[in-house]
Structure formats: structure tokens, C-alpha cells
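Shown next: coords18.tsv, containing TSV, C-alpha atoms.
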```
chain	number	residue	atom	x	y	z
A	296	MET	CA	-4.56	20.65	16.53
A	297	MET	CA	-3.84	17.04	17.50
A	298	ILE	CA	-0.89	15.29	15.93
A	299	GLY	CA	-1.17	11.62	15.02
A	300	VAL	CA	1.77	9.43	14.05
A	301	LEU	CA	1.63	5.94	12.62
A	302	VAL	CA	4.48	3.65	11.72
A	303	ALA	CA	4.12	1.03	9.01
A	304	GLY	CA	6.53	-1.61	7.76
A	305	GLY	CA	8.27	0.32	4.97
A	306	GLU	CA	11.73	1.89	5.02
A	307	LEU	CA	12.48	3.43	8.41
A	308	GLU	CA	15.93	2.80	9.87
A	309	ASN	CA	16.59	6.36	11.08
A	310	LYS	CA	16.00	6.25	14.84
A	311	GLU	CA	16.30	10.03	15.22
A	312	LEU	CA	13.66	10.59	12.57
A	313	PHE	CA	11.33	8.16	14.31
A	314	LYS	CA	11.85	9.78	17.72
A	315	LYS	CA	11.43	13.29	16.26
A	316	TYR	CA	7.88	12.51	15.17
A	317	ILE	CA	6.90	10.24	18.06
A	318	GLU	CA	7.89	12.90	20.60
A	319	LYS	CA	5.40	15.34	19.09
A	320	ALA	CA	2.58	12.79	18.77
A	321	ASP	CA	-0.64	13.12	20.75
A	322	PHE	CA	-1.63	9.63	19.58
A	323	SER	CA	0.49	6.94	17.92
A	324	VAL	CA	-0.33	3.76	16.03
A	325	ALA	CA	1.84	0.81	15.04
A	326	VAL	CA	0.67	-0.76	11.79
A	327	ASP	CA	1.47	-4.48	11.61
A	328	SER	CA	5.24	-4.93	11.10
A	329	GLY	CA	5.77	-1.26	11.94
A	330	ALA	CA	5.54	-2.56	15.51
A	331	LYS	CA	9.18	-3.63	15.24
A	332	VAL	CA	10.32	0.02	15.07
A	333	PHE	CA	8.59	0.72	18.38
A	334	PHE	CA	10.02	-2.45	19.90
A	335	LYS	CA	13.60	-1.70	18.80
A	336	ASN	CA	13.37	1.77	20.34
A	337	LYS	CA	11.56	0.53	23.47
A	338	ILE	CA	8.71	2.97	22.90
A	339	LEU	CA	5.05	2.00	23.20
A	340	PRO	CA	2.31	3.22	20.82
A	341	ASN	CA	-1.25	3.83	21.89
A	342	LEU	CA	-2.57	1.20	19.51
A	343	LEU	CA	-1.54	-1.69	17.23
A	344	VAL	CA	-3.67	-2.34	14.13
A	345	GLY	CA	-3.64	-4.56	11.06
A	346	ASP	CA	-4.08	-8.16	10.02
A	347	LEU	CA	-0.81	-8.93	11.87
A	348	ASP	CA	0.41	-11.19	9.07
A	349	SER	CA	3.91	-9.69	9.07
A	350	ILE	CA	4.51	-8.71	12.70
A	351	ASP	CA	7.36	-10.58	14.42
A	352	LYS	CA	6.60	-12.61	17.53
A	353	GLU	CA	9.00	-10.66	19.75
A	354	SER	CA	7.32	-7.31	19.01
A	355	LEU	CA	3.84	-8.76	19.46
A	356	LYS	CA	4.82	-10.26	22.81
A	357	TYR	CA	6.26	-6.90	23.92
A	358	PHE	CA	2.98	-5.15	23.11
A	359	GLU	CA	0.85	-7.81	24.81
A	360	GLU	CA	2.97	-7.73	27.97
A	361	ASN	CA	2.55	-3.96	28.15
A	362	ASN	CA	-1.23	-4.13	27.62
A	363	ILE	CA	-1.25	-2.18	24.36
A	364	LYS	CA	-4.64	-2.25	22.70
A	365	ILE	CA	-4.63	-4.44	19.58
A	366	ASP	CA	-7.21	-4.11	16.79
A	367	LYS	CA	-6.76	-7.19	14.61
A	368	TYR	CA	-8.39	-7.38	11.16
A	369	PRO	CA	-8.80	-10.29	8.72
A	370	CYS	CA	-6.25	-10.63	5.92
A	371	GLU	CA	-9.02	-10.37	3.32
A	372	LYS	CA	-10.47	-6.88	3.70
A	373	ASP	CA	-11.41	-3.83	1.65
A	374	LEU	CA	-8.86	-1.48	3.27
A	375	THR	CA	-5.09	-1.76	3.57
A	376	ASP	CA	-3.54	-1.77	7.02
A	377	LEU	CA	-2.27	1.76	6.36
A	378	GLU	CA	-5.74	3.10	5.70
A	379	ILE	CA	-7.01	1.38	8.84
A	380	GLY	CA	-4.18	3.02	10.77
A	381	LEU	CA	-4.99	6.48	9.41
A	382	ASN	CA	-8.66	5.99	10.27
A	383	SER	CA	-7.60	5.05	13.80
A	384	LEU	CA	-5.69	8.33	14.16
A	385	ILE	CA	-8.70	10.29	12.90
A	386	ASN	CA	-11.11	8.40	15.18
A	387	ASN	CA	-8.91	9.37	18.12
A	388	GLY	CA	-9.16	13.08	17.33
A	389	CYS	CA	-6.00	13.66	15.28
A	390	ASP	CA	-6.12	16.15	12.42
A	391	LYS	CA	-2.44	16.37	11.41
A	392	LEU	CA	-1.22	12.96	10.34
A	393	TYR	CA	2.33	11.69	9.87
A	394	ALA	CA	2.61	8.23	8.31
A	395	LEU	CA	6.13	6.84	8.73
A	396	GLY	CA	7.50	3.78	6.96
A	397	THR	CA	4.85	4.01	4.26
A	398	ILE	CA	7.23	4.11	1.29
A	399	GLY	CA	9.22	0.96	0.63
A	400	SER	CA	10.43	-1.52	-1.98
A	401	ARG	CA	6.95	-2.51	-3.22
A	402	ILE	CA	6.08	0.08	-5.89
A	403	ASP	CA	2.39	-0.84	-5.90
A	404	HIS	CA	2.11	-0.36	-2.14
A	405	SER	CA	4.18	2.84	-2.20
A	406	VAL	CA	2.16	4.47	-5.00
A	407	ALA	CA	-1.15	3.41	-3.44
A	408	ASN	CA	-0.02	4.77	-0.08
A	409	ILE	CA	1.01	8.09	-1.59
A	410	MET	CA	-2.33	8.41	-3.39
A	411	ILE	CA	-4.15	7.96	-0.07
A	412	LEU	CA	-2.89	11.50	0.57
A	413	LYS	CA	-5.59	12.81	-1.78
A	414	LYS	CA	-8.30	10.99	0.15
A	415	MET	CA	-7.02	12.45	3.43
A	416	TYR	CA	-6.86	15.92	1.83
A	417	ASP	CA	-10.46	15.60	0.60
A	418	LEU	CA	-11.51	14.67	4.14
A	419	GLY	CA	-9.81	17.82	5.47
A	420	TYR	CA	-6.68	16.32	7.04
A	421	ASN	CA	-3.06	17.37	6.59
A	422	CYS	CA	-1.21	14.13	5.93
A	423	TYR	CA	2.41	13.30	5.15
A	424	MET	CA	4.01	10.05	3.94
A	425	ILE	CA	7.55	9.65	5.28
A	426	ASN	CA	10.47	7.25	5.03
A	427	ASP	CA	14.17	7.61	5.81
A	428	LYS	CA	14.86	10.01	2.94
A	429	ASN	CA	11.54	11.41	1.77
A	430	ARG	CA	8.46	13.32	2.94
A	431	VAL	CA	5.48	13.58	0.60
A	432	GLN	CA	2.36	15.72	0.77
A	433	TYR	CA	-0.57	16.41	-1.57
A	434	ILE	CA	-1.92	19.89	-2.39
A	435	GLU	CA	-4.61	21.43	-4.58
A	436	ALA	CA	-5.33	24.83	-6.10
A	437	ASN	CA	-5.28	27.95	-3.90
A	438	LYS	CA	-3.12	26.20	-1.32
A	439	GLU	CA	0.03	27.88	-0.02
A	440	VAL	CA	2.62	25.71	1.72
A	441	SER	CA	5.58	26.89	3.79
A	442	ILE	CA	8.66	24.69	3.39
A	443	LYS	CA	11.52	24.57	5.91
A	444	LYS	CA	15.09	23.63	5.08
A	445	ASP	CA	14.68	20.11	6.49
A	446	TYR	CA	15.56	18.37	3.23
A	447	GLU	CA	18.09	18.97	0.46
A	448	ASN	CA	15.74	18.65	-2.50
A	449	ILE	CA	12.17	19.77	-3.08
A	450	SER	CA	10.24	18.52	-6.10
A	451	ILE	CA	6.78	19.32	-7.40
A	452	ILE	CA	4.96	16.64	-9.41
A	453	PRO	CA	1.86	17.75	-11.35
A	454	LEU	CA	-1.10	15.38	-11.08
A	455	SER	CA	-3.78	17.30	-13.00
A	456	GLU	CA	-4.55	16.38	-16.60
A	457	LYS	CA	-4.20	20.03	-17.63
A	458	GLY	CA	-1.09	20.55	-15.56
A	459	ILE	CA	-0.55	23.11	-12.79
A	460	ASN	CA	0.16	26.79	-12.32
A	461	VAL	CA	2.63	27.36	-9.49
A	462	THR	CA	4.62	30.11	-7.76
A	463	LEU	CA	7.81	29.43	-5.79
A	464	VAL	CA	9.48	31.90	-3.41
A	465	GLY	CA	12.76	31.36	-1.56
A	466	PHE	CA	14.00	28.63	-3.92
A	467	TYR	CA	17.04	28.51	-6.21
A	468	TYR	CA	14.64	28.26	-9.15
A	469	THR	CA	12.10	30.95	-8.29
A	470	ILE	CA	9.06	31.09	-10.56
A	471	THR	CA	5.83	33.07	-10.70
A	472	ASP	CA	2.58	31.79	-12.20
A	473	TYR	CA	4.52	29.08	-14.02
A	474	GLU	CA	2.66	26.58	-16.20
A	475	MET	CA	3.87	23.02	-15.64
A	476	GLU	CA	2.26	20.26	-17.69
A	477	LEU	CA	1.40	16.75	-16.58
A	478	GLY	CA	4.44	14.55	-17.09
A	479	SER	CA	6.86	17.47	-16.86
A	480	THR	CA	10.13	17.00	-14.94
A	481	THR	CA	10.68	20.76	-14.63
A	482	GLY	CA	9.75	20.68	-10.94
A	483	ILE	CA	12.34	18.06	-9.97
A	484	SER	CA	15.23	18.74	-7.53
A	485	ASN	CA	14.79	22.38	-6.64
A	486	TYR	CA	16.22	23.59	-3.33
A	487	LEU	CA	15.87	26.40	-0.82
A	488	VAL	CA	18.28	29.32	-0.72
A	489	LYS	CA	16.68	30.69	2.45
A	490	ASP	CA	15.61	29.06	5.70
A	491	PHE	CA	12.00	29.02	4.50
A	492	GLY	CA	10.32	28.86	1.12
A	493	THR	CA	6.77	29.12	-0.14
A	494	ILE	CA	4.94	26.99	-2.69
A	495	LYS	CA	1.66	28.45	-3.92
A	496	LEU	CA	-0.40	26.25	-6.18
A	497	ASN	CA	-2.61	28.55	-8.22
A	498	ARG	CA	-4.26	25.83	-10.30
A	499	GLY	CA	-4.38	22.06	-10.36
A	500	ARG	CA	-3.26	19.22	-8.09
A	501	ALA	CA	0.29	18.20	-7.20
A	502	LEU	CA	2.61	16.27	-4.93
A	503	ILE	CA	5.34	18.02	-2.99
A	504	ILE	CA	8.26	15.67	-2.36
A	505	GLU	CA	11.07	16.67	-0.01
A	506	SER	CA	14.08	14.36	-0.18
A	507	ASN	CA	17.70	13.75	0.75
A	508	ASP	CA	20.19	11.92	-1.45
```

Same coordinates, now as C-alpha cells:
Amino acid sequence: MMIGVLVAGGELENKELFKKYIEKADFSVAVDSGAKVFFKNKILPNLLVGDLDSIDKESLKYFEENNIKIDKYPCEKDLTDLEIGLNSLINNGCDKLYALGTIGSRIDHSVANIMILKKMYDLGYNCYMINDKNRVQYIEANKEVSIKKDYENISIIPLSEKGINVTLVGFYYTITDYEMELGSTTGISNYLVKDFGTIKLNRGRALIIESND
């Protein structure tokens, strides 16, 4: 398994979080203004992509001086810079994808970015959207996910029209074959009581959101 990490321009001020993922990366991509995170930490990615409409001059100069490959795209295009970045990770052999700085103040961008998780899932890739306080993944029926005690809160958001059927083990609120309808807030703010927990989605589609207050 090859791990790919990209950094976009959303919320990412936690240097330790950034370094935690970059250190495990087999291939890394800076997406437009996400280049500033690399520059501030004096770490070089393998690739810079995007239309470069929001990158600062200092970061761009740093990349150019260090001969980092730059794939520049026009501002008017069918894909967002994030999707281009994810495709770059895949094209370079990565199959586990961590997308940092992909959740920010723009709700439209954040929701669209999160929903790209389904596309990545359909293509067969494990993908996570991450910012300073949240990690989001998408799952479908017959998928079992192991959750570590990395975050304080774990929430499950149903996405299927007919809701989901879910089993939770190792959580404060432990449930078995529980029916959770679309629009339900029942799955919000659960937490682990052991070092590891298990989420088994028996039916439907859902988001798993791990977060810290």
C-alpha cells in the first residue's frame, strides 16, 4: 500500500498534524495555496498542482528554486484543484489518500470536497479529508472500520435515502443492528471507551467524522 498526502488551502495550522502525515507519505502534493504549509515548515512536496491563483509568491519561489515539478492548470476547468491533486496521487501509485486542509470556511467548497470521498470510494481508494480538528471518511454497506482513540468525538452521518443499519463496538453508546434514518442526529458525538472501536455498516451509506472540540 502506497500512502499519498496532499495539502490544500483550507484550515491547517497544526504543524504536528501536518508532519505526522507527511512523514508517512510515499508521495506528497501541494495544491495551490496549500504550498504555504510546506514552505512554512521547510518541507518539499513531490509535486505542486492547481491553477495557482491563490499561491503566495514566496512559496512559489521556494518551490521553483528547489526544482519541484509544477503542473499548472487554467482557472476555468472542469475539475477543482483538489480533484486534480487526488488524481495526481493516484497516477503516482498511491492507494491510501490523506487530503489535508480540505475543510475550511467556504461551505460550498467543504461540502463538495467531502463528497469527493464517495467518488474515491467508488474508484477503490481509501480517502480521508482532514483539517486541524476533523477527519472525515465515507463508507458503504458491509464495510467494517476500526477506529483508534485519536479524536475525542466520533459521529456517524447517514447519507442513504432509506437510512442506515449500523453496529458500534467499543463506544460509550454501543448499538447493534441499529436503524438510523436520513437526517437523524442520533449518531452525533459518540466516543470510545476503549483504545479501539469498530463501526460496521450493515446497510446504506454514511460519513464517519472524527473530531476534537

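Within 7 Å of Arg498 of chain A, once only C-alpha atoms are used and residues closer than 4 positions along the same chain are dropped, the contacting residues are Ala436, Asn437, Ile459 and Asn460 of chain A.
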
May I ask for the distance between atom CA of Tyr420 of chain A and atom CA of Ser450 of chain A, given in Å to one decimal place? 21.5 Å

Give me the residues within 12 Å of Leu339 of chain A as a list in words, counting only C-alpha atoms and dropping any in the same chain fewer than 6 places off.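 Listed by chain and then number, they are Leu301, Val302, Lys314, Ile317, Glu318, Ala320, Phe322, Ser323, Val324, Ala325, Gly329, Ala330, Lys331, Val332, Phe333, Ser354, Leu355, Tyr357, Phe358, Glu359, Glu360, Asn361, Asn362, Ile363 and Lys364 of chain A.
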
Please provide as number ranges by chain all residues within 7 Å of segment 478-489 of chain A, with the sequence filter that same-chain residues fewer than 5 positions apart are discarded (counting all atoms listed in the file). A: 444, 447-452, 465-468

Take atom CA of Asp351 of chain A and atom CA of Pro369 of chain A and report the distance between them in Å, one decimal. 17.1 Å

Spatial neighbours of Lys443 of chain A, 8 Å, all atoms listed in the file, chain gap at least 6 places, as a list in words: Asp490, Phe491 and Gly492 of chain A

Please list as number ranges by chain every residue within 8 Å of Leu347 of chain A, counting only C-alpha atoms and excluding residues in the same chain fewer than 5 positions away. A: 327-328, 367-368

Å distance separating atom CA of Asn386 of chain A from atom CA of Phe313 of chain A, one decimal place: 22.5 Å

Using all atoms listed in the file, the shortest atom-to-atom distance to Tyr433 of chain A among A:Gly305, A:Gly458, A:Gly399, A:Gly499 belongs to A:Gly499

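Of the listed residues A:Asp417, A:Asp321, A:Glu308, A:Asp508, the one whose atoms come nearest to Asn387 of chain A is A:Asp321, with distances taken using only C-alpha atoms.
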
Using all atoms listed in the file, which of the listed residues (A:Glu456, A:Ile379, A:Asp445, A:Val440) sits closest to Ile494 of chain A?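 Among the listed residues, A:Val440 lies closest to Ile494 of chain A.
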
Using all atoms listed in the file, can you tell me which of A:Ser506, A:Asn497, A:Asn426, A:Ser383 comes closest to Val461 of chain A?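 Smallest separation from Val461 of chain A among the options: A:Asn497.
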
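Of the residues under consideration (A:Ile350, A:Ile434, A:Leu374, A:Met297), A:Ile434 shows the shortest atom-to-atom contact distance to Met415 of chain A when counting all atoms listed in the file.
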
From the options A:Ile503, A:Leu342, A:Leu395, A:Lys337, which residue's atoms come nearest to Lys315 of chain A, counting only C-alpha atoms?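 Among A:Ile503, A:Leu342, A:Leu395, A:Lys337, it is A:Leu395 that comes nearest to Lys315 of chain A.
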